[in-house]
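J.: Structure file query.csv (CSV, C-alpha atoms) is given on the next line.
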```csv
chain,number,residue,atom,x,y,z
A,1027,MET,CA,-116.6,29.7,11.9
A,1028,PRO,CA,-113.1,28.7,11.2
A,1029,GLU,CA,-112.2,25.1,11.8
A,1030,TYR,CA,-109.5,25.9,14.4
A,1031,ALA,CA,-109.0,28.8,16.8
A,1032,PRO,CA,-106.4,31.2,15.3
A,1033,PRO,CA,-103.5,30.3,17.6
A,1034,LEU,CA,-103.9,26.6,16.9
A,1035,GLN,CA,-104.2,27.3,13.1
A,1036,GLU,CA,-101.0,29.3,13.2
A,1037,LEU,CA,-99.2,26.5,15.0
A,1038,ILE,CA,-100.4,23.9,12.5
A,1039,ASP,CA,-99.3,26.2,9.6
A,1040,ALA,CA,-95.9,26.8,11.2
A,1041,PHE,CA,-95.3,23.0,11.6
A,1042,GLY,CA,-96.6,22.4,8.1
A,1043,ARG,CA,-93.9,24.6,6.6
A,1044,LEU,CA,-91.1,22.3,8.0
A,1045,PRO,CA,-89.6,19.8,5.6
A,1046,GLY,CA,-91.2,16.4,5.5
A,1047,ILE,CA,-94.2,17.4,7.6
A,1048,GLY,CA,-97.5,17.2,5.8
A,1049,PRO,CA,-100.8,18.9,6.9
A,1050,LYS,CA,-101.9,15.7,8.8
A,1051,SER,CA,-98.6,15.4,10.7
A,1052,ALA,CA,-98.6,19.1,11.5
A,1053,GLN,CA,-102.1,18.8,13.0
A,1054,ARG,CA,-101.1,15.8,15.0
A,1055,ILE,CA,-98.0,17.5,16.4
A,1056,ALA,CA,-99.9,20.6,17.3
A,1057,PHE,CA,-102.6,18.7,19.1
A,1058,HIS,CA,-99.9,16.6,20.8
A,1059,LEU,CA,-98.1,19.7,22.1
A,1060,LEU,CA,-101.2,21.3,23.4
A,1061,ALA,CA,-102.3,18.1,25.1
A,1062,ALA,CA,-98.8,17.6,26.6
A,1063,GLY,CA,-99.1,20.9,28.5
A,1064,GLU,CA,-97.4,24.2,28.6
A,1065,VAL,CA,-94.1,22.9,30.0
A,1066,GLU,CA,-93.4,20.7,27.0
A,1067,ALA,CA,-94.5,23.3,24.5
A,1068,GLN,CA,-92.3,26.0,26.2
A,1069,HIS,CA,-89.4,23.6,26.2
A,1070,LEU,CA,-89.6,23.2,22.4
A,1071,ALA,CA,-90.1,26.9,21.9
A,1072,ASP,CA,-87.0,27.6,24.0
A,1073,ALA,CA,-84.9,25.0,22.2
A,1074,ILE,CA,-85.8,26.6,18.9
A,1075,ARG,CA,-85.1,30.1,20.2
A,1076,GLN,CA,-81.8,29.1,21.8
A,1077,ALA,CA,-80.5,27.2,18.8
A,1078,SER,CA,-81.4,30.0,16.5
A,1079,GLU,CA,-79.8,32.6,18.7
A,1080,ARG,CA,-76.6,30.7,19.6
A,1081,MET,CA,-75.8,28.8,16.4
A,1082,SER,CA,-74.4,30.7,13.4
A,1083,PHE,CA,-72.0,29.9,10.6
A,1084,CYS,CA,-68.3,29.2,10.9
A,1085,GLN,CA,-66.5,32.3,9.5
A,1086,ARG,CA,-64.0,30.0,7.7
A,1087,CYS,CA,-66.0,27.0,6.3
A,1088,PHE,CA,-69.6,28.1,6.8
A,1089,ASN,CA,-70.4,24.9,8.8
A,1090,LEU,CA,-72.8,25.5,11.7
A,1091,ALA,CA,-70.9,26.7,14.7
A,1092,GLU,CA,-71.7,27.8,18.2
A,1093,GLY,CA,-69.0,30.5,18.1
A,1094,PRO,CA,-67.2,32.3,15.2
A,1095,GLU,CA,-65.3,29.0,14.3
A,1096,CYS,CA,-66.6,25.5,14.1
A,1097,PRO,CA,-64.9,22.7,16.1
A,1098,ILE,CA,-63.4,21.2,12.9
A,1099,CYS,CA,-61.7,24.4,11.8
A,1100,ALA,CA,-60.5,25.0,15.4
A,1101,ASN,CA,-58.9,21.6,15.6
A,1102,PRO,CA,-55.2,21.8,14.9
A,1103,ALA,CA,-55.0,18.0,14.3
A,1104,ARG,CA,-57.0,18.4,11.1
A,1105,ASP,CA,-55.1,18.6,7.8
A,1106,ALA,CA,-55.5,22.2,6.8
A,1107,THR,CA,-54.4,21.6,3.2
A,1108,VAL,CA,-57.3,19.4,2.1
A,1109,LEU,CA,-60.8,20.8,1.7
A,1110,CYS,CA,-63.9,18.8,1.3
A,1111,VAL,CA,-66.6,20.9,-0.5
A,1112,VAL,CA,-70.2,20.0,0.5
A,1113,GLU,CA,-73.6,21.6,-0.1
A,1114,GLU,CA,-75.0,21.8,3.4
A,1115,PRO,CA,-73.9,21.6,7.1
A,1116,ARG,CA,-75.7,18.2,7.4
A,1117,ASP,CA,-73.3,16.8,4.7
A,1118,VAL,CA,-70.4,17.6,7.1
A,1119,VAL,CA,-72.1,15.4,9.7
A,1120,ALA,CA,-72.5,12.6,7.2
A,1121,ILE,CA,-68.9,12.7,6.2
A,1122,GLU,CA,-67.6,13.0,9.8
A,1123,ARG,CA,-69.5,9.8,10.6
A,1124,THR,CA,-67.3,7.9,8.2
A,1125,ARG,CA,-64.2,8.9,10.3
A,1126,GLU,CA,-62.3,8.6,7.0
A,1127,PHE,CA,-61.7,12.3,6.4
A,1128,LYS,CA,-59.1,14.3,8.3
A,1129,GLY,CA,-59.1,17.6,6.4
A,1130,ARG,CA,-61.4,20.6,6.7
A,1131,TYR,CA,-64.6,21.5,5.0
A,1132,HIS,CA,-66.1,24.2,2.9
A,1133,VAL,CA,-69.9,24.5,2.9
A,1134,LEU,CA,-71.4,26.0,-0.3
A,1135,GLY,CA,-74.8,26.6,1.2
A,1136,GLY,CA,-76.6,24.8,-1.7
A,1137,ALA,CA,-76.1,23.7,-5.3
A,1138,ILE,CA,-76.4,25.4,-8.6
A,1139,ASP,CA,-80.0,25.1,-9.7
A,1140,HIS,CA,-81.0,27.1,-12.7
A,1141,LEU,CA,-84.7,26.2,-12.4
A,1142,LYS,CA,-84.8,27.8,-9.0
A,1143,GLY,CA,-82.6,30.7,-10.1
A,1144,ILE,CA,-79.6,29.7,-7.9
A,1145,GLY,CA,-76.5,30.5,-9.9
A,1146,PRO,CA,-72.9,30.2,-8.7
A,1147,GLU,CA,-73.0,33.7,-7.2
A,1148,ARG,CA,-75.6,32.6,-4.7
A,1149,LEU,CA,-73.2,30.0,-3.3
A,1150,ARG,CA,-70.0,30.5,-1.2
A,1151,ILE,CA,-67.7,29.9,-4.2
A,1152,ALA,CA,-65.8,33.2,-4.1
A,1153,GLU,CA,-65.0,32.4,-0.5
A,1154,LEU,CA,-63.8,28.9,-1.6
A,1155,VAL,CA,-61.5,30.4,-4.2
A,1156,ARG,CA,-60.1,32.9,-1.7
A,1157,ARG,CA,-59.5,30.1,0.8
A,1158,ILE,CA,-57.6,28.0,-1.7
A,1159,GLY,CA,-55.2,30.9,-2.2
A,1160,ASP,CA,-54.9,32.0,1.4
A,1161,GLU,CA,-54.7,28.7,3.1
A,1162,GLY,CA,-52.3,26.8,0.8
A,1163,ILE,CA,-54.8,24.1,-0.1
A,1164,ARG,CA,-53.4,21.2,-2.0
A,1165,GLU,CA,-56.5,19.1,-2.7
A,1166,VAL,CA,-60.2,19.9,-3.1
A,1167,ILE,CA,-62.6,17.0,-2.8
A,1168,LEU,CA,-65.9,17.7,-4.4
A,1169,ALA,CA,-68.6,16.0,-2.3
A,1170,THR,CA,-71.8,17.6,-3.7
A,1171,ASN,CA,-74.9,15.4,-3.9
A,1172,PRO,CA,-75.0,12.8,-6.7
A,1173,ASN,CA,-78.1,14.4,-8.3
A,1174,ILE,CA,-78.4,16.9,-11.3
A,1175,GLU,CA,-77.8,20.0,-9.2
A,1176,GLY,CA,-74.9,18.5,-7.3
A,1177,GLU,CA,-73.3,17.2,-10.4
A,1178,MET,CA,-73.7,20.6,-12.2
A,1179,THR,CA,-72.1,22.3,-9.2
A,1180,ALA,CA,-69.2,19.8,-9.2
A,1181,LEU,CA,-68.6,20.3,-12.9
A,1182,PHE,CA,-68.7,24.1,-12.5
A,1183,LEU,CA,-66.2,23.9,-9.7
A,1184,SER,CA,-63.9,21.4,-11.4
A,1185,LYS,CA,-63.5,23.9,-14.4
A,1186,LEU,CA,-63.2,26.9,-12.1
A,1187,LEU,CA,-60.5,25.3,-9.9
A,1188,ASP,CA,-58.2,24.2,-12.8
A,1189,LEU,CA,-55.2,25.7,-11.0
A,1190,PRO,CA,-51.6,24.7,-10.8
A,1191,ASP,CA,-50.6,22.7,-7.8
A,1192,LEU,CA,-54.2,21.9,-6.9
A,1193,THR,CA,-55.6,18.4,-7.1
A,1194,VAL,CA,-59.4,18.3,-7.6
A,1195,THR,CA,-61.1,15.0,-6.8
A,1196,LYS,CA,-64.7,13.8,-6.6
A,1197,LEU,CA,-66.4,11.2,-4.5
A,1198,SER,CA,-66.8,7.9,-6.4
A,1199,SER,CA,-70.2,6.9,-7.7
A,1200,GLY,CA,-71.2,3.2,-7.7
A,1201,LEU,CA,-73.2,0.6,-6.0
A,1202,PRO,CA,-74.3,1.4,-2.4
A,1203,VAL,CA,-72.7,-1.0,0.1
A,1204,GLY,CA,-75.2,-3.7,1.1
A,1205,GLY,CA,-77.4,-3.0,-1.9
A,1206,ASP,CA,-78.7,-5.5,-4.4
A,1207,LEU,CA,-77.3,-5.3,-7.9
A,1208,GLU,CA,-80.8,-6.3,-9.1
A,1209,TYR,CA,-82.4,-3.2,-7.6
A,1210,ALA,CA,-79.8,-0.7,-8.6
A,1211,ASP,CA,-81.1,1.9,-11.1
A,1212,GLU,CA,-79.3,1.9,-14.5
A,1213,MET,CA,-77.6,5.3,-13.8
A,1214,THR,CA,-75.9,3.9,-10.7
A,1215,LEU,CA,-75.1,0.6,-12.3
A,1216,GLY,CA,-73.6,2.5,-15.3
A,1217,ARG,CA,-71.5,4.6,-13.0
A,1218,ALA,CA,-70.3,1.5,-11.2
A,1219,LEU,CA,-69.2,0.0,-14.5
A,1220,GLU,CA,-67.6,3.1,-15.7
A,1221,GLY,CA,-65.7,3.5,-12.4
A,1222,ARG,CA,-64.6,-0.2,-12.2
A,1223,ARG,CA,-61.2,-0.9,-10.6
A,1224,ALA,CA,-58.7,-3.7,-11.0
A,1225,VAL,CA,-59.0,-6.2,-8.2
A,1226,GLU,CA,-55.9,-6.2,-6.0
A,1227,ARG,CA,-54.5,-9.7,-5.7
A,1228,SER,CA,-52.2,-10.7,-2.9
A,1229,ALA,CA,-49.2,-12.7,-4.1
B,1076,MET,CA,-65.9,16.0,20.7
B,1077,PRO,CA,-69.7,15.7,20.6
B,1078,GLU,CA,-71.3,15.3,17.1
B,1079,TYR,CA,-73.4,18.5,17.4
B,1080,ALA,CA,-73.0,21.7,19.3
B,1081,PRO,CA,-75.2,21.5,22.5
B,1082,PRO,CA,-77.9,24.0,21.3
B,1083,LEU,CA,-78.2,22.0,18.0
B,1084,GLN,CA,-78.4,18.7,19.8
B,1085,GLU,CA,-81.0,20.1,22.2
B,1086,LEU,CA,-83.1,21.2,19.2
B,1087,ILE,CA,-82.8,17.8,17.4
B,1088,ASP,CA,-83.8,16.1,20.7
B,1089,ALA,CA,-86.8,18.4,21.2
B,1090,PHE,CA,-88.1,17.7,17.7
B,1091,GLY,CA,-87.4,14.0,18.0
B,1092,ARG,CA,-89.8,13.8,21.0
B,1093,LEU,CA,-92.7,14.9,18.8
B,1094,PRO,CA,-95.1,12.2,17.5
B,1095,GLY,CA,-94.2,10.8,14.1
B,1096,ILE,CA,-90.7,12.4,13.9
B,1097,GLY,CA,-87.8,10.0,14.0
B,1098,PRO,CA,-84.2,11.0,14.6
B,1099,LYS,CA,-83.4,11.5,10.9
B,1100,SER,CA,-86.4,13.8,10.4
B,1101,ALA,CA,-85.6,15.7,13.6
B,1102,GLN,CA,-82.1,16.3,12.3
B,1103,ARG,CA,-83.4,17.4,8.9
B,1104,ILE,CA,-85.9,19.9,10.5
B,1105,ALA,CA,-83.2,21.3,12.9
B,1106,PHE,CA,-80.8,21.9,10.0
B,1107,HIS,CA,-83.5,23.4,7.9
B,1108,LEU,CA,-84.6,25.8,10.6
B,1109,LEU,CA,-81.0,27.0,11.2
B,1110,ALA,CA,-80.3,27.4,7.5
B,1111,ALA,CA,-83.6,29.2,7.0
B,1112,GLY,CA,-82.5,32.0,9.3
B,1113,GLU,CA,-83.5,33.5,12.6
B,1114,VAL,CA,-86.8,35.0,11.4
B,1115,GLU,CA,-88.3,31.7,10.5
B,1116,ALA,CA,-87.0,30.0,13.6
B,1117,GLN,CA,-88.4,32.7,15.8
B,1118,HIS,CA,-91.7,32.6,14.0
B,1119,LEU,CA,-92.1,28.9,14.9
B,1120,ALA,CA,-91.0,29.5,18.5
B,1121,ASP,CA,-93.6,32.3,18.7
B,1122,ALA,CA,-96.3,30.2,17.2
B,1123,ILE,CA,-95.7,27.4,19.8
B,1124,ARG,CA,-95.5,29.9,22.7
B,1125,GLN,CA,-98.6,31.7,21.6
B,1126,ALA,CA,-100.7,28.6,21.1
B,1127,SER,CA,-99.6,27.1,24.3
B,1128,GLU,CA,-100.4,30.3,26.2
B,1129,ARG,CA,-103.7,31.1,24.6
B,1130,MET,CA,-105.2,27.7,24.0
B,1131,SER,CA,-106.7,25.9,26.9
B,1132,PHE,CA,-109.6,23.4,27.5
B,1133,CYS,CA,-113.3,24.3,27.2
B,1134,GLN,CA,-114.7,24.2,30.8
B,1135,ARG,CA,-117.7,22.4,29.6
B,1136,CYS,CA,-116.6,19.8,27.1
B,1137,PHE,CA,-112.7,19.8,27.4
B,1138,ASN,CA,-112.3,20.5,23.7
B,1139,LEU,CA,-109.4,22.9,22.9
B,1140,ALA,CA,-110.6,26.5,23.2
B,1141,GLU,CA,-109.2,29.9,23.0
B,1142,GLY,CA,-111.3,31.2,25.9
B,1143,PRO,CA,-113.2,29.4,28.7
B,1144,GLU,CA,-115.8,27.9,26.3
B,1145,CYS,CA,-115.2,26.3,22.9
B,1146,PRO,CA,-117.1,27.6,19.8
B,1147,ILE,CA,-119.3,24.5,19.7
B,1148,CYS,CA,-120.5,24.8,23.3
B,1149,ALA,CA,-121.0,28.6,22.8
B,1150,ASN,CA,-123.1,28.0,19.7
B,1151,PRO,CA,-126.8,28.2,20.6
B,1152,ALA,CA,-127.8,26.4,17.4
B,1153,ARG,CA,-126.2,23.2,18.5
B,1154,ASP,CA,-128.5,20.6,20.2
B,1155,ALA,CA,-127.6,20.7,23.8
B,1156,THR,CA,-129.3,17.4,24.6
B,1157,VAL,CA,-127.1,15.1,22.5
B,1158,LEU,CA,-123.5,14.5,23.5
B,1159,CYS,CA,-120.8,12.8,21.4
B,1160,VAL,CA,-118.1,11.3,23.6
B,1161,VAL,CA,-114.6,11.3,22.0
B,1162,GLU,CA,-111.1,10.6,23.3
B,1163,GLU,CA,-109.2,13.6,22.0
B,1164,PRO,CA,-109.8,17.2,20.7
B,1165,ARG,CA,-108.6,16.0,17.2
B,1166,ASP,CA,-111.6,13.6,17.2
B,1167,VAL,CA,-113.9,16.6,17.5
B,1168,VAL,CA,-112.3,18.0,14.3
B,1169,ALA,CA,-112.8,14.7,12.5
B,1170,ILE,CA,-116.5,14.5,13.4
B,1171,GLU,CA,-117.1,18.2,12.7
B,1172,ARG,CA,-115.7,17.6,9.1
B,1173,THR,CA,-118.6,15.2,8.4
B,1174,ARG,CA,-121.1,18.0,9.1
B,1175,GLU,CA,-123.5,15.2,10.2
B,1176,PHE,CA,-123.5,16.0,13.9
B,1177,LYS,CA,-125.4,18.9,15.4
B,1178,GLY,CA,-125.0,18.2,19.1
B,1179,ARG,CA,-122.2,18.9,21.6
B,1180,TYR,CA,-119.1,17.0,22.5
B,1181,HIS,CA,-117.4,15.6,25.6
B,1182,VAL,CA,-113.7,15.0,25.3
B,1183,LEU,CA,-112.5,12.3,27.7
B,1184,GLY,CA,-108.8,13.1,27.3
B,1185,GLY,CA,-107.8,9.5,26.4
B,1186,ALA,CA,-109.0,6.0,26.7
B,1187,ILE,CA,-108.9,3.3,29.4
B,1188,ASP,CA,-105.5,1.5,29.0
B,1189,HIS,CA,-104.6,-0.8,31.8
B,1190,LEU,CA,-101.2,-1.5,30.3
B,1191,LYS,CA,-100.3,2.1,30.6
B,1192,GLY,CA,-102.1,2.4,34.0
B,1193,ILE,CA,-104.8,4.7,32.6
B,1194,GLY,CA,-108.0,3.8,34.5
B,1195,PRO,CA,-111.4,5.5,34.3
B,1196,GLU,CA,-110.4,7.9,37.1
B,1197,ARG,CA,-107.8,9.4,34.8
B,1198,LEU,CA,-110.4,10.4,32.2
B,1199,ARG,CA,-113.1,13.0,32.4
B,1200,ILE,CA,-115.8,10.5,33.1
B,1201,ALA,CA,-117.0,12.0,36.4
B,1202,GLU,CA,-117.5,15.3,34.5
B,1203,LEU,CA,-119.5,13.4,31.8
B,1204,VAL,CA,-121.8,11.9,34.4
B,1205,ARG,CA,-122.3,15.3,36.0
B,1206,ARG,CA,-123.1,16.9,32.6
B,1207,ILE,CA,-125.7,14.2,31.8
B,1208,GLY,CA,-127.6,15.1,35.0
B,1209,ASP,CA,-127.1,18.8,34.9
B,1210,GLU,CA,-127.7,19.5,31.2
B,1211,GLY,CA,-130.7,17.2,30.6
B,1212,ILE,CA,-128.9,15.0,28.0
B,1213,ARG,CA,-131.1,12.6,26.1
B,1214,GLU,CA,-128.6,10.8,24.0
B,1215,VAL,CA,-124.9,9.9,24.4
B,1216,ILE,CA,-123.0,8.8,21.3
B,1217,LEU,CA,-119.9,6.8,22.1
B,1218,ALA,CA,-117.3,7.7,19.5
B,1219,THR,CA,-114.1,6.3,21.0
B,1220,ASN,CA,-111.5,4.8,18.6
B,1221,PRO,CA,-112.3,1.4,17.2
B,1222,ASN,CA,-109.3,-0.2,18.8
B,1223,ILE,CA,-108.9,-2.2,22.0
B,1224,GLU,CA,-108.6,0.8,24.4
B,1225,GLY,CA,-111.4,2.7,22.7
B,1226,GLU,CA,-113.7,-0.4,22.8
B,1227,MET,CA,-112.9,-1.0,26.4
B,1228,THR,CA,-113.8,2.6,27.2
B,1229,ALA,CA,-117.0,2.4,25.3
B,1230,LEU,CA,-118.0,-0.8,27.1
B,1231,PHE,CA,-117.2,0.8,30.5
B,1232,LEU,CA,-119.3,3.9,29.6
B,1233,SER,CA,-122.2,1.9,28.2
B,1234,LYS,CA,-122.4,0.0,31.5
B,1235,LEU,CA,-122.0,3.1,33.6
B,1236,LEU,CA,-124.5,5.2,31.7
B,1237,ASP,CA,-127.3,2.6,32.0
B,1238,LEU,CA,-129.7,5.4,33.2
B,1239,PRO,CA,-133.5,5.9,32.7
B,1240,ASP,CA,-134.4,8.3,29.9
B,1241,LEU,CA,-130.9,8.2,28.4
B,1242,THR,CA,-130.1,6.6,25.0
B,1243,VAL,CA,-126.6,5.4,24.6
B,1244,THR,CA,-125.4,4.7,21.0
B,1245,LYS,CA,-122.1,3.8,19.4
B,1246,LEU,CA,-120.6,4.6,16.0
B,1247,SER,CA,-121.2,1.7,13.6
B,1248,SER,CA,-118.3,-0.5,12.6
B,1249,GLY,CA,-117.9,-1.9,9.1
B,1250,LEU,CA,-116.2,-1.6,5.8
B,1251,PRO,CA,-114.6,1.8,5.2
B,1252,VAL,CA,-116.2,3.7,2.3
B,1253,GLY,CA,-114.1,3.3,-0.9
B,1254,GLY,CA,-112.2,0.3,0.5
B,1255,ASP,CA,-111.8,-3.1,-1.1
B,1256,LEU,CA,-113.6,-6.0,0.5
B,1257,GLU,CA,-110.6,-8.2,-0.5
B,1258,TYR,CA,-108.2,-6.1,1.7
B,1259,ALA,CA,-110.5,-5.7,4.7
B,1260,ASP,CA,-109.1,-7.4,7.8
B,1261,GLU,CA,-111.2,-10.2,9.3
B,1262,MET,CA,-112.2,-8.2,12.3
B,1263,THR,CA,-113.6,-5.4,10.2
B,1264,LEU,CA,-115.3,-7.8,7.8
B,1265,GLY,CA,-116.8,-9.7,10.8
B,1266,ARG,CA,-118.2,-6.5,12.2
B,1267,ALA,CA,-119.6,-5.5,8.8
B,1268,LEU,CA,-121.4,-8.9,8.7
B,1269,GLU,CA,-122.6,-8.6,12.3
B,1270,GLY,CA,-123.9,-5.1,11.6
B,1271,ARG,CA,-125.6,-5.9,8.3
B,1272,ARG,CA,-128.8,-4.0,7.5
B,1273,ALA,CA,-131.8,-4.7,5.4
B,1274,VAL,CA,-131.6,-3.0,2.1
B,1275,GLU,CA,-134.3,-0.4,1.6
B,1276,ARG,CA,-136.2,-0.9,-1.6
B,1277,SER,CA,-138.3,1.7,-3.1
B,1278,ALA,CA,-141.4,-0.3,-4.1
```
Could you spell out this file's structure in structure tokens?
T.:
Amino acid sequence: MPEYAPPLQELIDAFGRLPGIGPKSAQRIAFHLLAAGEVEAQHLADAIRQASERMSFCQRCFNLAEGPECPICANPARDATVLCVVEEPRDVVAIERTREFKGRYHVLGGAIDHLKGIGPERLRIAELVRRIGDEGIREVILATNPNIEGEMTALFLSKLLDLPDLTVTKLSSGLPVGGDLEYADEMTLGRALEGRRAVERSA
Amino acid sequence: MPEYAPPLQELIDAFGRLPGIGPKSAQRIAFHLLAAGEVEAQHLADAIRQASERMSFCQRCFNLAEGPECPICANPARDATVLCVVEEPRDVVAIERTREFKGRYHVLGGAIDHLKGIGPERLRIAELVRRIGDEGIREVILATNPNIEGEMTALFLSKLLDLPDLTVTKLSSGLPVGGDLEYADEMTLGRALEGRRAVERSA
């Protein structure tokens, strides 16, 4: 006799495949949904179905979009000559929250990861190069994650994009705002030292 | 301009309503599902829909069941005269894992919680009383959670079920196996002292 009826086991397995949900959480969520009743369960199923059917990728920047173009690319007030290159659509959201960036994005769809067999050809790098030519880009800001794969991707792109009339910049590394120096790891602290800046003095 | 397109926001909200999933996890799961592609998203939606349509409650014990009767009630090898009373279907799974219990269950569907306005009439207590009469139950084991609501429910049931020829027992409280005495809270340690037993010595 299996521990759970097949439809319940399927549901637990499906939740368990989502990121950050372990077997125990998956079980808890499945029981919750079935106890909550059919309306709530169907609501979640509909939300998934709707989002998966209606959301796709922006044809220009590969951000998530409801139509063929994302709201950022469609916005004429954004500076079309500056591109911020990120790994995933969720990184676009993070940068948008700062309200500091007025240009457009280019979403690579991941980072170079040789261990997982993800080479540059698996990312939207050819599309990036094409955009730089077609759209008259002046500056590319590399905003990949500050981990090994992200750094490798940034290094690869910085070499590839060594083009005349194109500035390539990278997000600064250093101490997180509000963090304690004491608790910073040595890599971060090393980067903060390396990237130190002259303090501006008034008068 | 809203931060997310409406179908994406709906999806994030729907995940955020599940137990143990905060706003950050909900966002992460939503982005993961959309990045994973339509097949994976539809698979999850189908699993939810299937489980919610095919699973219901056992007509006898109110455990989750694929048909009108759960596998435990349908199993003639189980002792039909002993009932283990639990709050939720997930508690049945927990007790079944011990392989110690050979009787049947009765799932109350919650616990008495006056703060949330859940009185005895909201639980399947009338059904429990009916079963005790109809099915010739000899023993009822109260296995509600060892928290305030569970204890209140057990106390209520122990008074209600003061019937001739019926034994009412309760799961023992005490130190969790593998735990450190040093880290036990005073309630647990108090219960462990209160419930101390004579050590059996083999002569």
J.: Determine which residues of chain B sit within 8 Å of chain A, taking into account only C-alpha atoms, and present them as a ChimeraX atom specification.
T.: /B:1078,1080,1082-1083,1085-1086,1089-1090,1093-1095,1100,1103-1104,1106-1109,1112-1113,1116-1131,1140-1141,1164-1165,1168
J.: Do you have the CA of Ile1163 in chain A-CA of Leu1197 in chain A distance handy?
T.: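 Spanning CA of Ile1163 in chain A to CA of Leu1197 in chain A is a straight-line distance of 17.9 Å.
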J.: Point out the residue among B:Asp1154, B:Glu1144, B:Asp1188, B:Glu1175 with the least atom-to-atom distance to Gly1225 in chain B, counting only C-alpha atoms.
T.: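 Ranking B:Asp1154, B:Glu1144, B:Asp1188, B:Glu1175 by distance to Gly1225 in chain B, first place goes to B:Asp1188.
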J.: Do you know which residues are at most 10 Å from Leu1183 in chain B counting only C-alpha atoms, after dropping those on the same chain fewer than 5 positions away, and could you put them as a list in words?
T.: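 The residues that qualify are Cys1136, Phe1137, Asn1138, Val1160, Val1161, Glu1162, Glu1163, Pro1164, Pro1195, Arg1197, Leu1198, Arg1199, Ile1200, Ala1201, Glu1202, Leu1203, Thr1219 and Thr1228 of chain B.
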J.: Using only C-alpha atoms, which of the listed residues (B:Val1204, B:Leu1236, B:Val1167, B:Ile1223) sits closest to Ile1187 in chain B?
T.: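 Selected residue with least distance to Ile1187 in chain B: B:Ile1223.
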J.: Mind completing range 1177-1181 of chain B with all heavy atoms? Output as a compact mmCIF listing (two decimals), keeping the file's coordinate frame, please?
T.:
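Contents of out.txt, freshly written:
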```txt
# COMPACT_ATOMS: atom_id res chain seq x y z
N LYS B 1177 -124.97 17.56 15.03
CA LYS B 1177 -125.40 18.90 15.40
C LYS B 1177 -125.44 19.10 16.93
O LYS B 1177 -125.91 20.13 17.41
CB LYS B 1177 -126.83 19.16 14.87
CG LYS B 1177 -126.93 19.02 13.35
CD LYS B 1177 -126.09 20.07 12.65
CE LYS B 1177 -126.06 19.84 11.13
NZ LYS B 1177 -124.81 20.35 10.54
N GLY B 1178 -125.02 18.07 17.67
CA GLY B 1178 -125.00 18.20 19.10
C GLY B 1178 -123.74 18.77 19.67
O GLY B 1178 -123.02 19.47 18.97
N ARG B 1179 -123.47 18.48 20.94
CA ARG B 1179 -122.20 18.90 21.60
C ARG B 1179 -121.30 17.72 21.81
O ARG B 1179 -121.69 16.58 21.58
CB ARG B 1179 -122.53 19.61 22.89
CG ARG B 1179 -123.15 20.98 22.74
CD ARG B 1179 -123.49 21.51 24.11
NE ARG B 1179 -123.93 22.90 24.08
CZ ARG B 1179 -124.40 23.53 25.15
NH1 ARG B 1179 -124.46 22.89 26.32
NH2 ARG B 1179 -124.77 24.78 25.08
N TYR B 1180 -120.11 18.02 22.30
CA TYR B 1180 -119.10 17.00 22.50
C TYR B 1180 -118.79 16.84 24.00
O TYR B 1180 -119.05 17.74 24.81
CB TYR B 1180 -117.82 17.29 21.77
CG TYR B 1180 -118.00 17.20 20.28
CD1 TYR B 1180 -118.37 18.31 19.53
CD2 TYR B 1180 -117.80 15.99 19.62
CE1 TYR B 1180 -118.54 18.23 18.16
CE2 TYR B 1180 -117.97 15.89 18.25
CZ TYR B 1180 -118.34 17.01 17.53
OH TYR B 1180 -118.51 16.92 16.18
N HIS B 1181 -118.12 15.72 24.32
CA HIS B 1181 -117.40 15.60 25.60
C HIS B 1181 -116.12 14.88 25.33
O HIS B 1181 -116.12 13.75 24.84
CB HIS B 1181 -118.30 14.82 26.60
CG HIS B 1181 -117.71 14.82 27.98
ND1 HIS B 1181 -117.91 15.85 28.86
CD2 HIS B 1181 -116.87 13.94 28.60
CE1 HIS B 1181 -117.23 15.61 29.97
NE2 HIS B 1181 -116.58 14.46 29.84
```
